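Notes follow the structure.
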Amino acid sequence: MRRQTNLATAVGAATAAILLLCQTSYAFTTISTRKHLATFALRLQKPSVVRLNAGGFEWDDPTDAFDQGVENPFKNPAFKGMSVDAGRLLSPRLQGANMYFIGMMGTGKSVVGDIVARRMGTYNWLDTDVIIEQAANMSIPEIFEAEGEDGFRDVEAQVLDSVHAYVRCVISTGGGIICRRLNWSKLQTGIVVWLDVDPEVIMKRIEGTDRPLLQTENPLETMQALLEERKGKYNQADVRIEVEEGDSAEDVADKVIRAVHDYIDDNPPAWKAAKAQAQADGLDWVQ
């Protein structure tokens, strides 16, 4: 127990330093992209805040503060002839909210998360397993061997606690991060994307690797049992992406970007839903 506590403390301090370095590096490498999108956003924004009288009170229309006028490109017929990446248009629609990738080991959370973040342009990509290894100066299998699964889960939860405090991030997580209920309170501060891949396909992908939880007589059966055990929690994700065996990482990224655009349409911010309802009710102070 003492050893686990010491490791968690060391990882906590190192994680903060790594995240600061990531954010600093990101700020320099994306400055040109930020300038481009800032110019693009200015063309979409309204010129000034609209003040409306609502029942004798002044009301600031939240549209001017939060809505950059970017809509779902897949529902715009003109988008097919445009050269703008739908991923670029996803960034302003998320309004800084993080995107978390969950799913079993070997589902492509890291590579797909990296691609999505790059296509979004103004989002940073983080991987909790990579941060854990860098902070602990140990590989995941070494941590499992030294501390056991419970010790690893303690460290993983601490890293997630640090990471979720940041905004504008695409975050790839470990397959078992959903096992602890407390982690869900962090994941649900953003949009959660589940990459769902058949166990048989996963086993082909990770053949020859030393995954700690699969060091059994029948790894496929173990994988199937793990998926069955976790499926109820994975199903709580906001977006589920069914990954086919022939899908490339880019194909999966395309599916994610489209699905998240659709999710935002189906789950508008509370203020936007209230405004739409007020307009439908014919309230003349809502423009």
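If you're wondering about the labels, chains in the structure tokens are A, B, ... by order shown, residues count from 1 in each chain, ligands from 1 in order shown.
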**OP:** Return as a PyMOL selection string the full set of residues in range 136-272 of chain A whose backbone-based DSSP assignment is alpha helix (DSSP H).
**Re:** chain A and resi 136+140-163+181-187+199-205+219-234+249-266+270-272
Go ahead and dump the residues you just picked, C-alpha atoms, as a PDB file, in the first residue's frame.
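Contents of again-v3.pdb, freshly written:
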```
ATOM      1  CA  ALA A 136       6.286   6.679 -13.730  1.00  0.00           C
ATOM      2  CA  ILE A 140       2.424  -0.423 -18.332  1.00  0.00           C
ATOM      3  CA  PRO A 141       3.366  -4.133 -17.969  1.00  0.00           C
ATOM      4  CA  GLU A 142       6.081  -3.164 -15.457  1.00  0.00           C
ATOM      5  CA  ILE A 143       3.584  -1.156 -13.392  1.00  0.00           C
ATOM      6  CA  PHE A 144       1.147  -4.096 -13.411  1.00  0.00           C
ATOM      7  CA  GLU A 145       3.918  -6.435 -12.281  1.00  0.00           C
ATOM      8  CA  ALA A 146       5.165  -4.135  -9.537  1.00  0.00           C
ATOM      9  CA  GLU A 147       1.902  -2.697  -8.235  1.00  0.00           C
ATOM     10  CA  GLY A 148      -0.837  -5.027  -9.472  1.00  0.00           C
ATOM     11  CA  GLU A 149      -3.951  -3.930 -11.330  1.00  0.00           C
ATOM     12  CA  ASP A 150      -5.312  -1.976  -8.355  1.00  0.00           C
ATOM     13  CA  GLY A 151      -2.088   0.018  -8.117  1.00  0.00           C
ATOM     14  CA  PHE A 152      -2.200   0.774 -11.824  1.00  0.00           C
ATOM     15  CA  ARG A 153      -5.859   1.868 -11.606  1.00  0.00           C
ATOM     16  CA  ASP A 154      -4.956   4.259  -8.754  1.00  0.00           C
ATOM     17  CA  VAL A 155      -2.317   5.908 -10.924  1.00  0.00           C
ATOM     18  CA  GLU A 156      -4.608   5.931 -13.959  1.00  0.00           C
ATOM     19  CA  ALA A 157      -7.356   7.683 -11.984  1.00  0.00           C
ATOM     20  CA  GLN A 158      -4.906  10.296 -10.759  1.00  0.00           C
ATOM     21  CA  VAL A 159      -3.689  11.002 -14.288  1.00  0.00           C
ATOM     22  CA  LEU A 160      -7.281  11.332 -15.551  1.00  0.00           C
ATOM     23  CA  ASP A 161      -8.011  13.713 -12.674  1.00  0.00           C
ATOM     24  CA  SER A 162      -5.133  15.922 -13.846  1.00  0.00           C
ATOM     25  CA  VAL A 163      -5.896  15.668 -17.564  1.00  0.00           C
ATOM     26  CA  ARG A 181     -17.254   4.837 -11.262  1.00  0.00           C
ATOM     27  CA  LEU A 182     -15.413   7.965 -10.121  1.00  0.00           C
ATOM     28  CA  ASN A 183     -13.630   8.157 -13.479  1.00  0.00           C
ATOM     29  CA  TRP A 184     -16.974   8.586 -15.222  1.00  0.00           C
ATOM     30  CA  SER A 185     -17.535  11.906 -13.449  1.00  0.00           C
ATOM     31  CA  LYS A 186     -14.392  13.140 -15.225  1.00  0.00           C
ATOM     32  CA  LEU A 187     -15.131  11.568 -18.610  1.00  0.00           C
ATOM     33  CA  PRO A 199     -12.584  -9.284 -29.964  1.00  0.00           C
ATOM     34  CA  GLU A 200     -11.395 -11.477 -32.870  1.00  0.00           C
ATOM     35  CA  VAL A 201     -10.255  -8.383 -34.770  1.00  0.00           C
ATOM     36  CA  ILE A 202      -8.558  -6.974 -31.682  1.00  0.00           C
ATOM     37  CA  MET A 203      -6.614 -10.197 -31.155  1.00  0.00           C
ATOM     38  CA  LYS A 204      -5.253  -9.997 -34.712  1.00  0.00           C
ATOM     39  CA  ARG A 205      -4.128  -6.433 -34.089  1.00  0.00           C
ATOM     40  CA  PRO A 219      -6.307 -14.794 -24.454  1.00  0.00           C
ATOM     41  CA  LEU A 220      -9.327 -14.620 -26.801  1.00  0.00           C
ATOM     42  CA  GLU A 221     -11.666 -16.009 -24.144  1.00  0.00           C
ATOM     43  CA  THR A 222     -10.183 -13.561 -21.652  1.00  0.00           C
ATOM     44  CA  MET A 223     -10.728 -10.692 -24.109  1.00  0.00           C
ATOM     45  CA  GLN A 224     -14.333 -11.742 -24.679  1.00  0.00           C
ATOM     46  CA  ALA A 225     -14.956 -11.990 -20.937  1.00  0.00           C
ATOM     47  CA  LEU A 226     -13.431  -8.553 -20.334  1.00  0.00           C
ATOM     48  CA  LEU A 227     -15.563  -7.003 -23.059  1.00  0.00           C
ATOM     49  CA  GLU A 228     -18.710  -8.616 -21.659  1.00  0.00           C
ATOM     50  CA  GLU A 229     -17.826  -7.325 -18.201  1.00  0.00           C
ATOM     51  CA  ARG A 230     -17.209  -3.763 -19.427  1.00  0.00           C
ATOM     52  CA  LYS A 231     -19.829  -3.487 -22.159  1.00  0.00           C
ATOM     53  CA  GLY A 232     -22.473  -1.967 -19.905  1.00  0.00           C
ATOM     54  CA  LYS A 233     -20.094   0.855 -19.034  1.00  0.00           C
ATOM     55  CA  TYR A 234     -18.898   1.365 -22.615  1.00  0.00           C
ATOM     56  CA  ALA A 249      -7.464   4.675 -38.955  1.00  0.00           C
ATOM     57  CA  GLU A 250      -8.487   7.505 -41.296  1.00  0.00           C
ATOM     58  CA  ASP A 251     -11.787   5.728 -42.015  1.00  0.00           C
ATOM     59  CA  VAL A 252     -12.510   5.511 -38.296  1.00  0.00           C
ATOM     60  CA  ALA A 253     -11.557   9.165 -37.805  1.00  0.00           C
ATOM     61  CA  ASP A 254     -14.042  10.094 -40.549  1.00  0.00           C
ATOM     62  CA  LYS A 255     -16.760   8.122 -38.744  1.00  0.00           C
ATOM     63  CA  VAL A 256     -15.932   9.823 -35.445  1.00  0.00           C
ATOM     64  CA  ILE A 257     -16.014  13.340 -36.877  1.00  0.00           C
ATOM     65  CA  ARG A 258     -19.348  12.784 -38.582  1.00  0.00           C
ATOM     66  CA  ALA A 259     -20.889  11.090 -35.542  1.00  0.00           C
ATOM     67  CA  VAL A 260     -19.794  13.857 -33.168  1.00  0.00           C
ATOM     68  CA  HIS A 261     -21.221  16.522 -35.508  1.00  0.00           C
ATOM     69  CA  ASP A 262     -24.531  14.620 -35.424  1.00  0.00           C
ATOM     70  CA  TYR A 263     -24.339  14.223 -31.643  1.00  0.00           C
ATOM     71  CA  ILE A 264     -23.959  17.994 -31.189  1.00  0.00           C
ATOM     72  CA  ASP A 265     -27.044  18.528 -33.379  1.00  0.00           C
ATOM     73  CA  ASP A 266     -29.058  16.043 -31.331  1.00  0.00           C
ATOM     74  CA  ALA A 270     -29.521  24.052 -22.804  1.00  0.00           C
ATOM     75  CA  TRP A 271     -29.664  27.749 -23.709  1.00  0.00           C
ATOM     76  CA  LYS A 272     -30.023  26.924 -27.408  1.00  0.00           C
TER      77      LYS A 272
END
```
Original post:
CA of Asp238 in chain A to CA of Gln134 in chain A: how many Å, to one decimal?
Top reply: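 Answer for the CA of Asp238 in chain A to CA of Gln134 in chain A separation: 29.5 Å.
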**OP:** Kindly indicate which residue among A:Ile102, A:Ala86, A:Ala97, A:Val243 lies nearest to Cys179 in chain A, using only C-alpha atoms for the distances.
**Re:** A:Ile102
